[in-house]
file work_9.csv (CSV, C-alpha atoms and all ligand atoms)
chain,number,residue,atom,x,y,z
A,62,ARG,CA,-0.4,11.5,-40.5
A,63,THR,CA,-1.1,8.0,-39.6
A,64,MET,CA,-2.8,7.1,-36.3
A,65,SER,CA,-1.6,4.1,-34.3
A,66,SER,CA,-3.9,1.1,-34.9
A,67,GLU,CA,-5.2,1.2,-31.4
A,68,LYS,CA,-6.3,4.8,-31.7
A,69,ARG,CA,-8.7,4.2,-34.5
A,70,PHE,CA,-11.1,7.0,-33.9
A,71,LYS,CA,-10.9,10.7,-33.8
A,72,ILE,CA,-13.2,12.2,-31.2
A,73,PHE,CA,-14.0,15.6,-29.8
A,74,VAL,CA,-15.0,16.0,-26.1
A,75,THR,CA,-16.7,19.3,-25.4
A,76,ARG,CA,-15.7,19.7,-21.7
A,77,ASN,CA,-13.7,18.5,-18.8
A,78,ILE,CA,-15.3,15.1,-17.9
A,79,PRO,CA,-14.5,12.6,-15.2
A,80,GLN,CA,-11.2,10.7,-15.7
A,81,LYS,CA,-13.0,7.4,-15.6
A,82,ALA,CA,-14.8,8.3,-18.8
A,83,LEU,CA,-11.6,9.4,-20.5
A,84,ASP,CA,-9.9,6.1,-19.4
A,85,ILE,CA,-12.5,4.3,-21.5
A,86,LEU,CA,-12.1,6.5,-24.5
A,87,GLN,CA,-8.3,7.2,-24.6
A,88,PRO,CA,-7.1,3.7,-25.4
A,89,GLU,CA,-9.1,3.5,-28.6
A,90,CYS,CA,-9.5,7.2,-29.6
A,91,HIS,CA,-7.4,10.1,-30.5
A,92,VAL,CA,-9.1,12.6,-28.1
A,93,THR,CA,-9.3,16.3,-28.6
A,94,GLN,CA,-11.0,18.0,-25.7
A,95,TRP,CA,-12.2,21.4,-24.7
A,96,LYS,CA,-10.4,21.3,-21.4
A,97,SER,CA,-12.6,23.7,-19.4
A,98,ASP,CA,-15.5,23.8,-17.0
A,99,ASP,CA,-17.1,26.4,-19.2
A,100,PRO,CA,-19.0,25.4,-22.3
A,101,VAL,CA,-17.1,25.3,-25.5
A,102,PRO,CA,-17.8,28.4,-27.5
A,103,ARG,CA,-19.7,27.7,-30.7
A,104,SER,CA,-16.8,28.9,-32.9
A,105,GLU,CA,-14.4,26.5,-31.1
A,106,LEU,CA,-16.9,23.7,-31.6
A,107,LEU,CA,-17.2,24.4,-35.3
A,108,LYS,CA,-13.4,24.6,-35.5
A,109,ASN,CA,-12.8,21.2,-33.8
A,110,VAL,CA,-15.4,19.0,-35.4
A,111,PRO,CA,-14.2,18.7,-39.0
A,112,GLY,CA,-13.1,15.1,-39.7
A,113,ILE,CA,-14.1,13.6,-36.3
A,114,ASP,CA,-15.5,10.2,-36.0
A,115,GLY,CA,-17.3,10.8,-32.8
A,116,LEU,CA,-18.7,13.7,-30.7
A,117,TYR,CA,-19.0,13.6,-26.9
A,118,CYS,CA,-21.2,16.5,-25.9
A,119,LEU,CA,-23.1,18.0,-23.0
A,120,LEU,CA,-26.5,19.6,-22.6
A,121,THR,CA,-25.0,23.0,-23.0
A,122,ASP,CA,-23.9,22.3,-26.6
A,123,THR,CA,-26.4,23.0,-29.4
A,124,ILE,CA,-25.9,20.2,-31.9
A,125,ASP,CA,-27.6,21.2,-35.1
A,126,GLY,CA,-27.3,20.8,-38.9
A,127,ASP,CA,-24.4,23.3,-39.0
A,128,ILE,CA,-22.3,21.4,-36.5
A,129,LEU,CA,-23.0,18.1,-38.3
A,130,THR,CA,-22.2,19.5,-41.7
A,131,ALA,CA,-19.0,21.0,-40.3
A,132,ALA,CA,-18.1,17.5,-38.9
A,133,GLY,CA,-18.6,16.0,-42.3
A,134,PRO,CA,-19.2,12.5,-43.5
A,135,SER,CA,-16.6,10.9,-41.1
A,136,LEU,CA,-19.0,11.4,-38.2
A,137,LYS,CA,-20.3,8.0,-37.0
A,138,ALA,CA,-21.9,8.7,-33.6
A,139,VAL,CA,-22.9,11.5,-31.2
A,140,SER,CA,-23.1,10.9,-27.4
A,141,THR,CA,-24.5,13.3,-24.9
A,142,MET,CA,-23.8,13.1,-21.2
A,143,SER,CA,-27.4,13.7,-20.3
A,144,VAL,CA,-30.8,12.1,-20.5
A,145,GLY,CA,-32.4,15.2,-22.0
A,146,TYR,CA,-31.6,15.7,-25.7
A,147,ASP,CA,-33.6,18.8,-26.5
A,148,HIS,CA,-30.2,20.5,-27.4
A,149,ILE,CA,-29.8,18.1,-30.3
A,150,ASN,CA,-31.5,18.3,-33.6
A,151,LEU,CA,-32.7,14.7,-34.1
A,152,ALA,CA,-34.0,15.2,-37.6
A,153,GLU,CA,-30.5,16.3,-38.7
A,154,LEU,CA,-29.0,13.3,-37.1
A,155,LYS,CA,-31.5,11.0,-38.7
A,156,ARG,CA,-31.0,12.5,-42.1
A,157,ARG,CA,-27.3,11.6,-41.9
A,158,ASN,CA,-28.0,8.2,-40.2
A,159,ILE,CA,-25.9,9.1,-37.2
A,160,PRO,CA,-27.0,7.4,-33.9
A,161,LEU,CA,-27.3,9.3,-30.6
A,162,GLY,CA,-26.3,7.9,-27.2
A,163,TYR,CA,-27.8,9.3,-24.0
A,164,THR,CA,-27.8,8.5,-20.3
A,165,PRO,CA,-31.3,7.4,-19.0
A,166,ASP,CA,-31.8,5.5,-15.7
A,167,VAL,CA,-28.4,6.1,-14.1
A,168,LEU,CA,-29.5,9.6,-13.0
A,169,THR,CA,-33.1,8.8,-12.1
A,170,ASP,CA,-32.6,8.3,-8.4
A,171,ALA,CA,-30.4,11.3,-7.9
A,172,THR,CA,-32.8,13.6,-9.9
A,173,ALA,CA,-35.9,12.3,-8.1
A,174,GLU,CA,-34.2,12.8,-4.7
A,175,LEU,CA,-33.4,16.4,-5.7
A,176,THR,CA,-36.9,17.0,-6.9
A,177,VAL,CA,-38.3,15.9,-3.5
A,178,SER,CA,-35.7,18.1,-1.8
A,179,LEU,CA,-36.7,21.0,-3.8
A,180,LEU,CA,-40.4,20.4,-3.2
A,181,LEU,CA,-39.8,20.2,0.6
A,182,ALA,CA,-37.5,23.3,0.6
A,183,THR,CA,-40.3,25.2,-1.3
A,184,SER,CA,-43.3,23.9,0.6
A,185,ARG,CA,-41.7,24.2,4.1
A,186,ARG,CA,-40.0,27.5,3.2
A,187,LEU,CA,-36.5,26.2,4.2
A,188,LEU,CA,-34.4,28.9,2.6
A,189,GLU,CA,-36.6,31.7,3.7
A,190,ALA,CA,-36.6,30.4,7.3
A,191,ALA,CA,-32.9,29.8,7.4
A,192,GLU,CA,-32.4,33.4,6.2
A,193,GLN,CA,-34.6,34.6,9.1
A,194,VAL,CA,-32.2,32.9,11.5
A,195,ARG,CA,-29.3,34.8,10.0
A,196,ASN,CA,-30.9,38.2,9.7
A,197,GLY,CA,-32.5,38.3,13.2
A,198,GLY,CA,-36.0,37.7,12.0
A,199,TRP,CA,-36.3,34.8,14.3
A,200,GLY,CA,-38.3,36.1,17.3
A,201,SER,CA,-40.2,33.9,19.7
A,202,TRP,CA,-42.1,30.7,18.7
A,203,VAL,CA,-45.2,32.1,16.9
A,204,PRO,CA,-48.1,29.8,16.1
A,205,LEU,CA,-48.5,30.8,12.4
A,206,TRP,CA,-45.0,32.1,11.6
A,207,MET,CA,-43.1,30.4,8.7
A,208,CYS,CA,-45.9,27.9,8.1
A,209,GLY,CA,-45.9,26.1,4.9
A,210,SER,CA,-47.9,23.3,3.3
A,211,GLY,CA,-47.7,19.6,4.1
A,212,LEU,CA,-47.8,16.6,1.8
A,213,SER,CA,-49.9,14.6,4.1
A,214,ASN,CA,-53.4,14.1,2.6
A,215,SER,CA,-52.4,16.1,-0.5
A,216,THR,CA,-53.0,15.6,-4.2
A,217,VAL,CA,-49.8,15.5,-6.2
A,218,GLY,CA,-49.9,16.1,-10.0
A,219,ILE,CA,-47.0,14.8,-12.1
A,220,VAL,CA,-46.7,16.2,-15.6
A,221,GLY,CA,-44.7,13.5,-17.4
A,222,LEU,CA,-44.8,10.2,-15.5
A,223,GLY,CA,-41.6,8.9,-17.1
A,224,ARG,CA,-38.6,7.4,-15.3
A,225,ILE,CA,-38.0,10.4,-13.1
A,226,GLY,CA,-41.7,11.3,-12.6
A,227,MET,CA,-42.3,7.8,-11.4
A,228,ALA,CA,-39.3,7.8,-9.0
A,229,VAL,CA,-40.5,11.1,-7.6
A,230,GLY,CA,-43.9,9.7,-7.0
A,231,GLN,CA,-42.5,6.6,-5.2
A,232,ARG,CA,-40.4,8.9,-2.9
A,233,LEU,CA,-43.4,11.1,-2.1
A,234,LYS,CA,-45.8,8.3,-1.4
A,235,PRO,CA,-44.5,7.6,2.2
A,236,PHE,CA,-45.2,11.2,3.1
A,237,GLY,CA,-48.9,10.4,3.1
A,238,VAL,CA,-50.0,11.8,-0.3
A,239,LYS,CA,-53.7,11.0,-0.8
A,240,ARG,CA,-53.9,11.0,-4.6
A,241,PHE,CA,-51.4,11.0,-7.4
A,242,LEU,CA,-52.6,12.4,-10.8
A,243,TYR,CA,-50.5,12.4,-13.9
A,244,THR,CA,-50.7,13.6,-17.5
A,245,GLY,CA,-48.7,13.0,-20.6
A,246,ARG,CA,-49.2,11.8,-24.2
A,247,SER,CA,-50.4,8.4,-23.1
A,248,PRO,CA,-51.3,6.4,-20.0
A,249,LYS,CA,-48.4,4.5,-18.4
A,250,SER,CA,-48.5,0.8,-17.8
A,251,ASP,CA,-46.7,1.1,-14.5
A,252,SER,CA,-48.9,3.9,-13.1
A,253,HIS,CA,-50.7,1.3,-10.9
A,254,LEU,CA,-47.5,1.1,-8.8
A,255,LEU,CA,-48.3,4.5,-7.1
A,256,PRO,CA,-51.2,4.3,-8.0
A,257,ALA,CA,-51.6,7.4,-10.2
A,258,GLU,CA,-54.6,8.3,-12.2
A,259,PHE,CA,-54.2,9.5,-15.8
A,260,VAL,CA,-56.1,12.8,-16.3
A,261,SER,CA,-56.1,15.7,-18.6
A,262,LEU,CA,-53.7,18.6,-17.9
A,263,ASP,CA,-56.6,20.8,-16.9
A,264,ASP,CA,-57.9,18.3,-14.4
A,265,LEU,CA,-54.4,17.9,-13.0
A,266,LEU,CA,-54.0,21.6,-12.6
A,267,LEU,CA,-57.4,22.1,-11.0
A,268,GLN,CA,-57.0,19.3,-8.4
A,269,SER,CA,-53.4,19.3,-7.4
A,270,ASP,CA,-51.8,20.8,-4.4
A,271,PHE,CA,-48.4,20.2,-5.8
A,272,VAL,CA,-47.7,20.3,-9.6
A,273,ILE,CA,-44.4,18.7,-10.6
A,274,ALA,CA,-43.0,19.0,-14.1
A,275,CYS,CA,-40.9,15.9,-15.0
A,276,CYS,CA,-41.5,15.9,-18.7
A,277,SER,CA,-39.0,16.3,-21.5
A,278,LEU,CA,-38.7,19.6,-23.4
A,279,THR,CA,-40.4,19.2,-26.8
A,280,PRO,CA,-42.3,21.6,-29.1
A,281,GLU,CA,-45.5,20.5,-27.3
A,282,THR,CA,-44.1,21.1,-23.8
A,283,THR,CA,-42.4,24.4,-24.6
A,284,ASP,CA,-44.2,27.1,-22.5
A,285,LEU,CA,-46.6,24.6,-21.3
A,286,PHE,CA,-46.7,26.5,-18.0
A,287,LYS,CA,-48.0,29.9,-18.8
A,288,THR,CA,-50.6,32.4,-17.4
A,289,GLU,CA,-53.6,30.3,-18.4
A,290,THR,CA,-52.0,27.2,-16.8
A,291,PHE,CA,-51.2,29.0,-13.6
A,292,GLU,CA,-54.7,30.4,-13.5
A,293,LYS,CA,-56.1,26.9,-13.5
A,294,MET,CA,-54.1,25.9,-10.5
A,295,LYS,CA,-55.2,26.3,-6.9
A,296,SER,CA,-54.0,29.6,-5.3
A,297,SER,CA,-52.5,27.4,-2.7
A,298,ALA,CA,-50.6,25.3,-5.3
A,299,ILE,CA,-46.9,24.8,-5.3
A,300,PHE,CA,-45.2,24.3,-8.7
A,301,ILE,CA,-41.9,22.4,-9.0
A,302,ASN,CA,-39.9,22.1,-12.2
A,303,THR,CA,-36.9,19.8,-12.6
A,304,SER,CA,-37.4,19.2,-16.3
A,305,ARG,CA,-36.1,22.1,-18.5
A,306,GLY,CA,-36.6,25.8,-18.1
A,307,GLY,CA,-38.2,26.0,-21.5
A,308,VAL,CA,-41.4,24.3,-20.3
A,309,VAL,CA,-42.2,27.4,-18.3
A,310,ASN,CA,-42.9,30.9,-19.5
A,311,GLN,CA,-40.9,32.7,-16.8
A,312,ASP,CA,-42.5,36.1,-17.1
A,313,ASP,CA,-45.9,34.5,-16.6
A,314,LEU,CA,-44.5,32.5,-13.6
A,315,LEU,CA,-43.1,35.7,-12.1
A,316,GLU,CA,-46.5,37.4,-12.5
A,317,ALA,CA,-48.3,34.3,-11.0
A,318,LEU,CA,-46.0,34.3,-8.0
A,319,GLU,CA,-46.2,38.1,-7.4
A,320,SER,CA,-50.0,38.2,-7.7
A,321,GLY,CA,-50.7,35.2,-5.6
A,322,THR,CA,-52.2,33.2,-8.5
A,323,ILE,CA,-50.1,30.3,-7.1
A,324,LYS,CA,-48.4,30.1,-3.7
A,325,ALA,CA,-44.8,29.2,-4.5
A,326,ALA,CA,-42.4,27.6,-7.0
A,327,GLY,CA,-39.2,25.6,-6.9
A,328,LEU,CA,-37.1,25.5,-10.0
A,329,ASP,CA,-33.9,23.5,-10.7
A,330,VAL,CA,-33.9,24.7,-14.3
A,331,THR,CA,-34.4,28.1,-15.9
A,332,VAL,CA,-34.0,30.1,-19.1
A,333,PRO,CA,-31.2,31.1,-19.4
A,334,GLU,CA,-28.8,29.1,-17.3
A,335,PRO,CA,-27.2,30.5,-15.3
A,336,LEU,CA,-30.1,32.8,-14.4
A,337,PRO,CA,-28.7,36.4,-14.1
A,338,THR,CA,-28.2,37.3,-10.4
A,339,ASP,CA,-30.4,40.4,-10.9
A,340,HIS,CA,-33.4,38.3,-12.2
A,341,PRO,CA,-36.6,39.3,-10.5
A,342,LEU,CA,-37.5,35.7,-9.7
A,343,LEU,CA,-34.5,35.7,-7.3
A,344,GLU,CA,-36.1,38.5,-5.3
A,345,LEU,CA,-39.2,36.6,-4.4
A,346,GLU,CA,-39.5,34.8,-1.1
A,347,ASN,CA,-41.9,32.3,-2.6
A,348,CYS,CA,-39.5,31.1,-5.3
A,349,VAL,CA,-36.6,28.7,-4.7
A,350,VAL,CA,-34.1,28.5,-7.5
A,351,LEU,CA,-31.4,25.9,-7.7
A,352,PRO,CA,-28.5,25.8,-10.3
A,353,HIS,CA,-29.5,22.7,-12.4
A,354,ILE,CA,-28.2,20.1,-9.8
A,355,GLY,CA,-30.8,17.4,-10.3
A,356,SER,CA,-28.3,14.7,-11.2
A,357,ALA,CA,-25.4,16.2,-9.2
A,358,THR,CA,-24.1,13.4,-7.0
A,359,VAL,CA,-20.5,12.4,-7.6
A,360,GLU,CA,-21.6,8.8,-8.2
A,361,THR,CA,-24.3,9.7,-10.7
A,362,ARG,CA,-22.2,12.2,-12.7
A,363,THR,CA,-19.4,9.6,-12.9
A,364,GLU,CA,-21.9,7.0,-14.1
A,365,MET,CA,-23.3,9.3,-16.6
A,366,SER,CA,-19.9,10.1,-18.0
A,367,VAL,CA,-18.9,6.5,-18.2
A,368,LEU,CA,-22.2,5.5,-19.9
A,369,ALA,CA,-21.8,8.3,-22.4
A,370,ALA,CA,-18.2,7.1,-23.1
A,371,ASN,CA,-19.4,3.5,-23.6
A,372,ASN,CA,-22.3,4.7,-25.8
A,373,LEU,CA,-19.8,6.6,-28.0
A,374,LEU,CA,-17.4,3.8,-28.3
A,375,ALA,CA,-20.1,1.3,-29.3
A,376,GLY,CA,-21.4,3.7,-31.9
A,377,LEU,CA,-18.0,4.2,-33.3
A,378,LYS,CA,-17.5,0.5,-33.6
A,379,GLY,CA,-20.9,-0.1,-35.1
A,380,HIS,CA,-21.9,-2.2,-32.1
A,381,PRO,CA,-25.3,-1.9,-30.4
A,382,ILE,CA,-25.3,1.3,-28.3
A,383,PRO,CA,-26.1,0.6,-24.6
A,384,CYS,CA,-28.5,3.5,-24.4
A,385,GLN,CA,-29.5,4.9,-27.8
A,386,VAL,CA,-32.2,7.5,-28.5
A,387,GLN,CA,-34.8,5.9,-30.9
A,388,PHE,CA,-35.7,8.1,-33.8
B,1,LIG,P1,-38.7,10.0,-19.7
B,1,LIG,O1,-38.6,10.0,-21.2
B,1,LIG,O2,-38.7,8.7,-19.0
B,1,LIG,O3,-39.9,10.9,-19.2
B,1,LIG,C1,-40.4,12.0,-19.9
B,1,LIG,C2,-41.8,12.1,-19.7
B,1,LIG,O4,-42.3,13.3,-20.4
B,1,LIG,C3,-42.6,10.9,-20.4
B,1,LIG,O5,-43.4,10.3,-19.4
B,1,LIG,C4,-43.5,11.6,-21.4
B,1,LIG,O6,-44.8,11.1,-21.4
B,1,LIG,C5,-43.6,13.1,-20.8
B,1,LIG,N1,-44.0,14.0,-21.9
B,1,LIG,C6,-43.6,14.1,-23.2
B,1,LIG,N2,-44.4,15.0,-23.8
B,1,LIG,C7,-45.3,15.4,-22.9
B,1,LIG,C8,-46.4,16.3,-23.0
B,1,LIG,N3,-46.7,16.9,-24.1
B,1,LIG,N4,-47.1,16.5,-21.9
B,1,LIG,C9,-46.8,15.9,-20.7
B,1,LIG,N5,-45.8,15.0,-20.6
B,1,LIG,C10,-45.1,14.8,-21.7
B,1,LIG,O7,-37.4,10.9,-19.3
B,1,LIG,P2,-36.8,11.0,-17.8
B,1,LIG,O8,-37.8,10.9,-16.8
B,1,LIG,O9,-35.6,10.2,-17.8
B,1,LIG,O10,-36.3,12.5,-17.9
B,1,LIG,C11,-37.2,13.6,-18.1
B,1,LIG,C12,-36.6,14.9,-18.3
B,1,LIG,O11,-36.0,15.4,-17.1
B,1,LIG,C13,-35.4,14.9,-19.2
B,1,LIG,O12,-35.8,15.0,-20.6
B,1,LIG,C14,-34.6,16.1,-18.8
B,1,LIG,O13,-35.1,17.2,-19.5
B,1,LIG,C15,-35.0,16.3,-17.4
B,1,LIG,N6,-33.9,16.1,-16.4
B,1,LIG,C16,-33.5,17.1,-15.6
B,1,LIG,C17,-32.5,16.9,-14.7
B,1,LIG,C18,-32.1,18.0,-13.8
B,1,LIG,O14,-30.9,18.0,-13.5
B,1,LIG,N7,-32.9,18.9,-13.4
B,1,LIG,C19,-31.8,15.6,-14.6
B,1,LIG,C20,-32.3,14.6,-15.5
B,1,LIG,C21,-33.4,14.8,-16.4
B,1,LIG,P3,-45.4,10.3,-22.7
B,1,LIG,O15,-44.5,9.1,-22.7
B,1,LIG,O16,-46.8,10.1,-22.4
B,1,LIG,O17,-45.1,11.2,-23.8
B,2,LIG,C1,-30.0,15.7,-18.0
B,2,LIG,O1,-29.3,14.7,-18.0
B,2,LIG,O2,-30.8,15.9,-19.0
B,2,LIG,C2,-30.0,16.6,-16.9
B,2,LIG,O3,-30.6,17.8,-17.1
B,2,LIG,C3,-28.7,16.8,-16.2
B,2,LIG,O4,-28.3,15.6,-15.7

call {"tool": "encode", "arguments": {"input": "work_9.csv", "output": "structure tokens"}}
result
Amino acid sequence: RTMSSEKRFKIFVTRNIPQKALDILQPECHVTQWKSDDPVPRSELLKNVPGIDGLYCLLTDTIDGDILTAAGPSLKAVSTMSVGYDHINLAELKRRNIPLGYTPDVLTDATAELTVSLLLATSRRLLEAAEQVRNGGWGSWVPLWMCGSGLSNSTVGIVGLGRIGMAVGQRLKPFGVKRFLYTGRSPKSDSHLLPAEFVSLDDLLLQSDFVIACCSLTPETTDLFKTETFEKMKSSAIFINTSRGGVVNQDDLLEALESGTIKAAGLDVTVPEPLPTDHPLLELENCVVLPHIGSATVETRTEMSVLAANNLLAGLKGHPIPCQVQF
């Protein structure tokens, strides 16, 4: 079967995506798509990739050597509609010389905004308080009822002062934060903008009133937050995670929240996702769990989908990819 000359490339799209992104791809690509809001089953992914030129995927798809082998030598580019790429085996891509597109920057503001929202919801106990209104727990105005912790004069520790970590810091600064600390693999040249001091993880844990995980998930950050980490934090500390669920040992977090080792936690990301509705973390009043909505504004998700489409098309044509993961 010959393809029309305009539709030069065969691609597989692993989910329903915004029409704007499809409008970019369809004129030049023969698009096969998993038309669902649910992730493509692994077996369907394996069935659909043989012979494709390009793969447009999401953070819920594990792209490993088996998928790339199944796709075969025709595969020229992979594009993920996410900034995180921990679901993709970079070594296997590199081995095959296949470039990877991703979506940094366009989601930074939305994700930072959500991180601040989650921090405030957790520190000021918003969900717990709203629940009290509904269930009759709201009595009279009581001096110490439903009191939380304020940002004013606080020390905020950011684990991973990257694009999102920096944007979180900038949004928190006007709340009157006294000191920003951060940790990571190396000091950041723009940290003076907060300003934020580069410290060891231990120092950050010992000194911070709020500990915010904004790092990427890597072998080094997997289970970074575990019992010994929580034990170094202040018992009044509030822990926020909008990075990936895998940076936290959830059993250890549960224990730390139940025992009062730390005061509260706000999570936008968990393992697994979705978190089962009977998960013990959901029974805790001092834990706020959101369903991975960091980048969830209509504008941002649309921009991400469009950038991912442009990345894929550029990769297919052998042009410079607007946002390419360096490896
Ligand atoms: P960046 O690459 O700009 O930032 C990642 C940061 O992680 C870097 O500053 C890096 O620091 C740091 N980091 C890496 N390894 C370590 C380590 N061992 N210890 C501490 N810090 C480390 O990425 P973004 O800010 O754009 O995104 C960050 C992550 O946020 C994404 O990878 C994704 O997982 C998550 N995310 C979640 C969203 C959500 O919906 N909840 C939305 C968007 C992103 P250094 O350079 O020093 O290594
Ligand atoms: C990402 O892009 O990595 C987020 O988790 C979703 O926007």

call {"tool": "closest_atom_pairs", "arguments": {"input": "work_9.csv", "of": "region 205-303 of chain A", "to": "region 140-149 of chain A", "cutoff": "12 Å", "atoms": "all atoms listed in the file", "output": "Markdown table"}}
result
| residue | atom | partner | partner_atom | distance |
| --- | --- | --- | --- | --- |
| A:Gly223 | CA | A:Val144 | CA | 11.8 |
| A:Arg224 | CA | A:Val144 | CA | 10.5 |
| A:Ile225 | CA | A:Val144 | CA | 10.5 |
| A:Cys275 | CA | A:Gly145 | CA | 11.0 |
| A:Cys276 | CA | A:Gly145 | CA | 9.7 |
| A:Ser277 | CA | A:Gly145 | CA | 6.7 |
| A:Leu278 | CA | A:Asp147 | CA | 6.0 |
| A:Thr279 | CA | A:Asp147 | CA | 6.8 |
| A:Pro280 | CA | A:Asp147 | CA | 9.5 |
| A:Thr282 | CA | A:Asp147 | CA | 11.1 |
| A:Thr283 | CA | A:Asp147 | CA | 10.6 |
| A:Thr303 | CA | A:Gly145 | CA | 11.4 |

call {"tool": "atom_distance", "arguments": {"input": "work_9.csv", "atom1": "CA of Val350 (chain A)", "atom2": "CA of Asp284 (chain A)"}}
result
18.1 Å

call {"tool": "residues_near_ligand", "arguments": {"input": "work_9.csv", "ligand": "ligand LIG 1 (chain B)", "cutoff": "9 Å", "atoms": "only C-alpha atoms and all ligand atoms", "output": "MDAnalysis selection string"}}
result
chainID A and resid 143:147 164:166 168:169 171:173 175:176 219:228 243:249 262 274:283 285 302:306 328:330 352:357

call {"tool": "write_last_selection", "arguments": {"input": "work_9.csv", "atoms": "C-alpha atoms", "output": "PDB file, keeping the file's coordinate frame"}}
result
ATOM      1  CA  SER A 143     -27.400  13.700 -20.300  1.00  0.00           C
ATOM      2  CA  VAL A 144     -30.800  12.100 -20.500  1.00  0.00           C
ATOM      3  CA  GLY A 145     -32.400  15.200 -22.000  1.00  0.00           C
ATOM      4  CA  TYR A 146     -31.600  15.700 -25.700  1.00  0.00           C
ATOM      5  CA  ASP A 147     -33.600  18.800 -26.500  1.00  0.00           C
ATOM      6  CA  THR A 164     -27.800   8.500 -20.300  1.00  0.00           C
ATOM      7  CA  PRO A 165     -31.300   7.400 -19.000  1.00  0.00           C
ATOM      8  CA  ASP A 166     -31.800   5.500 -15.700  1.00  0.00           C
ATOM      9  CA  LEU A 168     -29.500   9.600 -13.000  1.00  0.00           C
ATOM     10  CA  THR A 169     -33.100   8.800 -12.100  1.00  0.00           C
ATOM     11  CA  ALA A 171     -30.400  11.300  -7.900  1.00  0.00           C
ATOM     12  CA  THR A 172     -32.800  13.600  -9.900  1.00  0.00           C
ATOM     13  CA  ALA A 173     -35.900  12.300  -8.100  1.00  0.00           C
ATOM     14  CA  LEU A 175     -33.400  16.400  -5.700  1.00  0.00           C
ATOM     15  CA  THR A 176     -36.900  17.000  -6.900  1.00  0.00           C
ATOM     16  CA  ILE A 219     -47.000  14.800 -12.100  1.00  0.00           C
ATOM     17  CA  VAL A 220     -46.700  16.200 -15.600  1.00  0.00           C
ATOM     18  CA  GLY A 221     -44.700  13.500 -17.400  1.00  0.00           C
ATOM     19  CA  LEU A 222     -44.800  10.200 -15.500  1.00  0.00           C
ATOM     20  CA  GLY A 223     -41.600   8.900 -17.100  1.00  0.00           C
ATOM     21  CA  ARG A 224     -38.600   7.400 -15.300  1.00  0.00           C
ATOM     22  CA  ILE A 225     -38.000  10.400 -13.100  1.00  0.00           C
ATOM     23  CA  GLY A 226     -41.700  11.300 -12.600  1.00  0.00           C
ATOM     24  CA  MET A 227     -42.300   7.800 -11.400  1.00  0.00           C
ATOM     25  CA  ALA A 228     -39.300   7.800  -9.000  1.00  0.00           C
ATOM     26  CA  TYR A 243     -50.500  12.400 -13.900  1.00  0.00           C
ATOM     27  CA  THR A 244     -50.700  13.600 -17.500  1.00  0.00           C
ATOM     28  CA  GLY A 245     -48.700  13.000 -20.600  1.00  0.00           C
ATOM     29  CA  ARG A 246     -49.200  11.800 -24.200  1.00  0.00           C
ATOM     30  CA  SER A 247     -50.400   8.400 -23.100  1.00  0.00           C
ATOM     31  CA  PRO A 248     -51.300   6.400 -20.000  1.00  0.00           C
ATOM     32  CA  LYS A 249     -48.400   4.500 -18.400  1.00  0.00           C
ATOM     33  CA  LEU A 262     -53.700  18.600 -17.900  1.00  0.00           C
ATOM     34  CA  ALA A 274     -43.000  19.000 -14.100  1.00  0.00           C
ATOM     35  CA  CYS A 275     -40.900  15.900 -15.000  1.00  0.00           C
ATOM     36  CA  CYS A 276     -41.500  15.900 -18.700  1.00  0.00           C
ATOM     37  CA  SER A 277     -39.000  16.300 -21.500  1.00  0.00           C
ATOM     38  CA  LEU A 278     -38.700  19.600 -23.400  1.00  0.00           C
ATOM     39  CA  THR A 279     -40.400  19.200 -26.800  1.00  0.00           C
ATOM     40  CA  PRO A 280     -42.300  21.600 -29.100  1.00  0.00           C
ATOM     41  CA  GLU A 281     -45.500  20.500 -27.300  1.00  0.00           C
ATOM     42  CA  THR A 282     -44.100  21.100 -23.800  1.00  0.00           C
ATOM     43  CA  THR A 283     -42.400  24.400 -24.600  1.00  0.00           C
ATOM     44  CA  LEU A 285     -46.600  24.600 -21.300  1.00  0.00           C
ATOM     45  CA  ASN A 302     -39.900  22.100 -12.200  1.00  0.00           C
ATOM     46  CA  THR A 303     -36.900  19.800 -12.600  1.00  0.00           C
ATOM     47  CA  SER A 304     -37.400  19.200 -16.300  1.00  0.00           C
ATOM     48  CA  ARG A 305     -36.100  22.100 -18.500  1.00  0.00           C
ATOM     49  CA  GLY A 306     -36.600  25.800 -18.100  1.00  0.00           C
ATOM     50  CA  LEU A 328     -37.100  25.500 -10.000  1.00  0.00           C
ATOM     51  CA  ASP A 329     -33.900  23.500 -10.700  1.00  0.00           C
ATOM     52  CA  VAL A 330     -33.900  24.700 -14.300  1.00  0.00           C
ATOM     53  CA  PRO A 352     -28.500  25.800 -10.300  1.00  0.00           C
ATOM     54  CA  HIS A 353     -29.500  22.700 -12.400  1.00  0.00           C
ATOM     55  CA  ILE A 354     -28.200  20.100  -9.800  1.00  0.00           C
ATOM     56  CA  GLY A 355     -30.800  17.400 -10.300  1.00  0.00           C
ATOM     57  CA  SER A 356     -28.300  14.700 -11.200  1.00  0.00           C
ATOM     58  CA  ALA A 357     -25.400  16.200  -9.200  1.00  0.00           C
TER      59      ALA A 357
END

call {"tool": "closest_residue", "arguments": {"input": "work_9.csv", "among": "A:Leu374, A:Ile273, A:Met365, A:Ile382", "to": "ligand LIG 2 (chain B)", "atoms": "only C-alpha atoms and all ligand atoms"}}
result
A:Met365

call {"tool": "atom_distance", "arguments": {"input": "work_9.csv", "atom1": "CA of Asp313 (chain A)", "atom2": "CA of Leu212 (chain A)"}}
result
25.7 Å

call {"tool": "residues_around", "arguments": {"input": "work_9.csv", "residues": "Leu136 (chain A)", "least_positions_apart": "2", "cutoff": "7 Å", "atoms": "all atoms listed in the file", "output": "CSV table (one decimal) with C-alpha atoms, in the coordinates of the input"}}
result
chain,number,residue,atom,x,y,z
A,113,ILE,CA,-14.1,13.6,-36.3
A,114,ASP,CA,-15.5,10.2,-36.0
A,115,GLY,CA,-17.3,10.8,-32.8
A,132,ALA,CA,-18.1,17.5,-38.9
A,133,GLY,CA,-18.6,16.0,-42.3
A,134,PRO,CA,-19.2,12.5,-43.5
A,138,ALA,CA,-21.9,8.7,-33.6
